Amino acid sequence: MRAQKKQMPAQAQKKIKLRTASDVLSRLKWSNDEQMNAQNTIMGYDCRIHGPLEKCVDDYTGINDGGDIPEHRIQYFRRAGSKNYEELIFWDRNGRVDRLFGSGNANDPISQITVQNVAKAIATMKSIAEEKAIRAQEKAKRRARQQARKQTAAKVASTTSSSGATKSTERRPLKESSTRLQRHAWEELDRTFVFDSSKSTWVPQQITGTMLCNQDSSELKFITWNVLFDLHRNESDELVQGDDTLLNEQDSTISRWQRLLDELEVESASVISLQEVTPRFVQQLQQCQWVQDQYVLSAVSNDLRGVETYGNLILWKANSFQGCKGLHLCVDQGRNRGLLVSLVRNNTVFNVANVHLPADQRDSTSGESRDRTQARQREFGAIVSKLQVLEQTQQKQNLYPVPIVMGDFNSGDDEPTIFQSEHLVDAWLHPSNKIQTEHSSTFDWKRNQRANKTRQHGHQERDPRRIDRIVLGSQDIVVPSHSCLVGDSSVGLPASDHFGVSVTFQVEAPRPNMQPILYTPSRVEHNVWATTAIPTTDSLLALVFEDQQDDSLRFHDPSSTLPIAHITLLNGFVDLSTTDNQALATQAVKDAVHQALYSSGPLQEWALDVNDKSLNVFEHRESATLVCTPDKTGWLNRLYDTLRVKFESCDEQERRFSEGWTPHLSLGKHATTTTARAHLDQLVSSGAWKEGISLKGFGIGLFRRDVASRKFFPVATVPLVDRQNVATNQTKAFLQTAGLPWARSFERLSQIVVRELESACQHTTSALSQGSLTSKVSLYGSQALGVALPGLSDIDAVVHLQSSGDPSETQSISGSRFFQLVRSRLEDLHPSCKARLRVSSLSGCALYMLTVKLSPNLPAADLLLARTLRGETVDVASQQALDSIDDSQVILQRVQELGMKPAVFQGAVRMIKLWAHRRGIYGSSMGYLGGGGWAVLMACLLEHNTQWNGLMDATNDAASATQIASFFFCHVLEYWSNVRVVTPQGTNTTELGDDRRNNMMVLAPKSGGNFGRSSTRSTTQQTWNELRRAAQLLNGEATNASPHSNLETCMLPHIVGGGVGGKILALKVPIKSASLKPADVKARATIVGLSTTVALERILPADTIRPHSTIGRKNGAFWLLLEVQCSEKSTNKILSDFVGAQNELLQQQMKLGNLAAQLVQVSPEEFQSLSMSL
């Protein structure tokens, strides 16, 4: 035994010791081998913060030499390379493998743990490098912005004297905005400036400030003048400040500007608009006593918004207007192009735009002048766009808007079509205007020596012209009476190369029911923006169709720039790059559809019939296109003609082809006519087109081109038949069709949104991976069930990220980062897009959700993220998201197993959803069931009570759905009142525990989510009460109800405050009470509403409290309603005390940074006067 014990250590010593990492480092450091040295070898180590990381051995510094990586954390060494890591690794601590010295288990394979760590390290290093690059880029942008601000401040400081300087006001740099790189984008400015004589300085005042008004004066004088800036271009073609002495030393910039200011003082105009204003001019202007005494300025020397480098300035007399309602700056790719101020006087709002349109440019090479008429048209269109948006907003405020555009138009009387129309007229040419000067040219190089010098810049070949104008919206309460030039009769050299224009207007108060100037919905041609907007090839207007049920037929060209079935109507179309333009274009198209195809029936269909004789080939010079050309039906011609009148400049197709517009669907592009005709013969011989197909038109799509891919994407879609909501007078039609037309309308709109979401997700996935990561967007909830309705439903979707390659690639992509990139992509393509990222916790795991609203007429979407690696989910949130997709499939599959057609089930659930919405008990935000909850409840009743089998009509799904919905109302409480948990058979409910809150427990079959998780005792009680009411009406048991009461009667809307002795509590949450988006304010308001409901349930019986599920929006606030049905006198005292206590609590929460909310008690009469739209 003793000998054996001595032999055991000897056997153990045969195990060769692994050489240390220090030995490997020393060998590599002094190695002369070109294949294996410190320069081309990588070491992998374990970082306490990031996990596995890598570093080049040549960059490694030991602990003793000041490094931060201990040798015991080094896990492996490998040669450089991106594949076959097992062959590249030559020293592995985990596997005890050393192929450099031959120590350890040199012949064993490399540990798989080490191989996986190599992949993780590479992915982590890539992610760290990307984040570092992003931080560096942002840092560089911040430095550039800071440098630009310093340069602007230095320029201003160099021209600022101690007299009249605004030293007491802190300099506020211009807010950086993404709009500054867009074309003709508008920024809203929040303040103007008045002179404070007590402080001897100019001070800012908020736009909402009120000023005195001289009510007696019936005249207003407007002046526009280009002051000629003091800038010139140096050898580097940069604009720099300098003196513009022309004839002698006395003719300096300061002296000529002073002569110009003296002229303006004499004129004493109500509104003055100036162009080519520089910071030095602003400083000189604001020192004038007459300016300080009378005028409000749009900018001052320490707040140069709109005149950085140079730009436009507006000043107006404080006592001529009651106040300023808005100040807007037009920026074209960083350049200040226009300024617009809204001035109120006696219920009239003067929307005054100060413009400086582009001038023709002289080519430095050829010396020829380049015509920029189109650039002027485009910029003028941007001004009209903003004026029209303001007009529509101000009309709702009981104001009468009068648009006035004044400034340097850089075009003479030879271009009247741009600036003159039936609704916009040149004040100088107005019939009532009396011209008080002999000459009319404002840029007259024959009479103005300064103009003779500067005319080489685009004017050298032109005769004297009238290029400065004041354009007025046509009406009869603001009429020009007389006008003249300013600065043309001064002694000596003129102060500017332009003469100013002065126009005096006679002003009357607006009369009741006056027609708007720029836009009238009832008149197809009265839309000034639409009729003057010029087209662009980056936009088009097209008729789009409902999806065809026959998948064997294809009605589009997959390779085209718009790969969906469509008929192009206008190509090009108006510019859709700004939110204002998108809103105006959508409204104009909606008006055209209403005027051409108006139908009060929601079941109206607009279809085109096609067959094999509709197939044709369009021949081009070097290619051919196979098309389908339906006959020009009356409704399609009527729609096209109306759109042409509405957008009269977008007539490219009429001008391009001698036959005019030919409606067609492109089926495929071919290199030659022969191949196109062969394709045509193939389709004809297949016989699929012989019987004829009816293509149902869905709507008019507004499309914009993506700069990168050159593909068109949808901006908005206007349905041909309005099914956005189910009106009360459409209930009968809804029941007759089981709501199918409305569901299809929502489905078509949701397809547009989902397609854009999927495109943005794929774009983001490609940017984050090397191709091994794929994404797919799948629906769940009401849309997946087929029960979604417009006005009631949102789009619920999951983006599924799947990886079959590097595991670290999937794990390194966080939900926050992914959704931020998706949101950025959507906002780049859709200027009107509103998106917000929310995060909650699920079993200790972050659950991210992106809420997206692409445009006002498209439904909102909630997007979840699921990540899988080789088919396995990577976290709890991913599994929950995928289970949500399965919930819908399980419910529909269970219904089919019971023997019911899904179409019948879907129709019945749509009826129940509409009923719940009408009765004010729909949606989880206020504690009720949503669409998924009602679908589960229906499925469970069908499982429990099989008497519905005898109610089915095999030939009419809608009639069967009506019977099933009635069956549901009559029998659901028999089932629901006897179970604690409502869920289809087979759902796991073991983890629910004992719930004693008396709320609704309606569980999803796969995910196990509770659709009634936000319900309270009162919402549960009111849901049951409404179900009892419906059953009584259907059975003829209700008071004063006939025996023939039907489902249509059940769906009559609930009248708020309609009960006897009812009280109404209204929770008012101002939208601008916090620095949050309206959607976030609304979400938080619902939380406050639910907590208020729970608090009220503690002091009053639950069956007397009725929270209303619809959230109203009125007067800049969200309104949430609670009805209390109790006639006892003591209730008034209880409610009064409750309101007081709740408001004290809300005030305390507001001090902690929460919303500013207020609870008030209103009578039914007061509620009606408030007339909220619920």
# chains A, B, ... in the order shown; residues from 1 in each chain; ligands from 1
>>> select_by_dssp(residues="region 652-874 of chain A", states="strand (DSSP E)", output="JSON, numbers by chain")
{"A": [665, 666, 667, 668, 669, 670, 693, 694, 695, 696, 697, 698, 699, 700, 701, 702, 703, 704, 705, 712, 713, 714, 715, 716, 717, 718, 719, 773, 774, 775, 776, 777, 778, 779, 780, 795, 796, 797, 798, 799, 800, 801, 802, 803, 834, 835, 836, 837, 838, 839, 840, 841, 842, 845, 846, 847, 848, 849, 850, 851, 852, 853, 861, 862, 863, 864, 865, 866, 867, 868, 869, 872, 873]}
>>> select_by_dssp(residues="region 667-848 of chain A", states="helix (DSSP H, G or I)", output="number ranges by chain")
A: 673-686, 728-737, 740-768, 782-785, 807-811, 815-829
>>> atom_distance(atom1="CA of Glu131 (chain A)", atom2="CA of Ala767 (chain A)")
13.4 Å
>>> closest_residue(among="A:Val544, A:Ile223, A:Ala688, A:Leu636", to="Arg469 (chain A)", atoms="only C-alpha atoms")
A:Ile223
>>> residues_around(residues="region 500-514 of chain A", least_positions_apart="3", cutoff="8 Å", atoms="only C-alpha atoms", output="MDAnalysis selection string")
chainID A and resid 218:226 346:348 400 427:428 442 468:470 477:487
>>> residues_around(residues="region 893-903 of chain A", least_positions_apart="3", cutoff="8 Å", atoms="only C-alpha atoms", output="list in words")
Gln889, Val890, Gln906, Gly907, Ala939, Leu942, Glu943 and Asp957 of chain A
>>> write_last_selection(atoms="all heavy atoms", output="compact mmCIF listing (two decimals), in the first residue's frame")
# COMPACT_ATOMS: atom_id res chain seq x y z
N GLN A 889 -54.33 32.98 -33.42
CA GLN A 889 -54.45 31.74 -34.18
C GLN A 889 -55.16 30.65 -33.37
O GLN A 889 -55.98 29.90 -33.92
CB GLN A 889 -53.06 31.27 -34.61
CG GLN A 889 -52.32 32.27 -35.49
CD GLN A 889 -50.88 31.87 -35.74
OE1 GLN A 889 -50.39 30.88 -35.19
NE2 GLN A 889 -50.18 32.67 -36.56
N VAL A 890 -54.87 30.59 -32.07
CA VAL A 890 -55.51 29.58 -31.22
C VAL A 890 -57.01 29.82 -31.13
O VAL A 890 -57.82 28.88 -31.20
CB VAL A 890 -54.86 29.58 -29.82
CG1 VAL A 890 -55.66 28.71 -28.85
CG2 VAL A 890 -53.42 29.10 -29.91
N GLN A 906 -66.09 36.32 -36.57
CA GLN A 906 -65.52 37.66 -36.70
C GLN A 906 -66.61 38.72 -36.83
O GLN A 906 -66.52 39.79 -36.21
CB GLN A 906 -64.59 37.70 -37.91
CG GLN A 906 -63.35 36.85 -37.76
CD GLN A 906 -62.63 36.59 -39.07
OE1 GLN A 906 -63.21 36.73 -40.15
NE2 GLN A 906 -61.36 36.20 -39.00
N GLY A 907 -67.63 38.44 -37.60
CA GLY A 907 -68.72 39.41 -37.74
C GLY A 907 -69.43 39.66 -36.43
O GLY A 907 -69.76 40.81 -36.10
N ALA A 939 -65.64 33.19 -27.59
CA ALA A 939 -65.18 31.82 -27.82
C ALA A 939 -65.51 30.92 -26.63
O ALA A 939 -65.92 29.76 -26.81
CB ALA A 939 -63.68 31.82 -28.10
N LEU A 942 -69.21 29.98 -26.67
CA LEU A 942 -69.50 28.97 -27.68
C LEU A 942 -69.08 27.58 -27.22
O LEU A 942 -69.72 26.58 -27.57
CB LEU A 942 -68.79 29.32 -28.99
CG LEU A 942 -69.19 30.65 -29.65
CD1 LEU A 942 -68.38 30.89 -30.92
CD2 LEU A 942 -70.67 30.68 -29.96
N GLU A 943 -67.99 27.51 -26.45
CA GLU A 943 -67.57 26.22 -25.88
C GLU A 943 -68.57 25.73 -24.83
O GLU A 943 -68.90 24.54 -24.78
CB GLU A 943 -66.19 26.36 -25.23
CG GLU A 943 -65.03 26.46 -26.20
CD GLU A 943 -63.69 26.58 -25.47
OE1 GLU A 943 -63.69 27.05 -24.31
OE2 GLU A 943 -62.68 26.21 -26.06
N ASP A 957 -73.49 34.68 -44.12
CA ASP A 957 -72.62 34.82 -42.94
C ASP A 957 -73.02 36.01 -42.08
O ASP A 957 -72.94 35.94 -40.85
CB ASP A 957 -71.16 34.97 -43.38
CG ASP A 957 -70.61 33.69 -43.99
OD1 ASP A 957 -71.23 32.62 -43.77
OD2 ASP A 957 -69.57 33.76 -44.67
>>> closest_residue(among="A:Leu683, A:Ile435, A:Ile693, A:Leu228", to="His498 (chain A)", atoms="only C-alpha atoms")
A:Leu228
>>> residues_around(residues="region 565-579 of chain A", least_positions_apart="4", cutoff="9 Å", atoms="only C-alpha atoms", output="PyMOL selection string")
chain A and resi 182-186+378+530+533-547+554-557+583-585+640+643-644+647+649-653+661+663-667+700-704+715+829-833
>>> residues_around(residues="region 911-919 of chain A", least_positions_apart="5", cutoff="7 Å", atoms="only C-alpha atoms", output="ChimeraX atom specification")
/A:738,931,965,1051-1054
>>> write_last_selection(atoms="C-alpha atoms", output="mmCIF file, in the first residue's frame")
data_model
loop_
_atom_site.group_PDB
_atom_site.id
_atom_site.type_symbol
_atom_site.label_atom_id
_atom_site.label_comp_id
_atom_site.auth_asym_id
_atom_site.auth_seq_id
_atom_site.Cartn_x
_atom_site.Cartn_y
_atom_site.Cartn_z
ATOM 1 C CA ALA A 738 -71.463 42.254 -40.199
ATOM 2 C CA GLY A 931 -61.358 43.572 -28.784
ATOM 3 C CA ALA A 965 -74.246 38.325 -31.447
ATOM 4 C CA MET A 1051 -76.471 49.818 -30.304
ATOM 5 C CA LEU A 1052 -77.958 53.227 -29.604
ATOM 6 C CA PRO A 1053 -75.205 55.354 -28.016
ATOM 7 C CA HIS A 1054 -75.140 55.921 -24.289
#
>>> atom_distance(atom1="CA of Val227 (chain A)", atom2="CA of Thr454 (chain A)")
12.8 Å
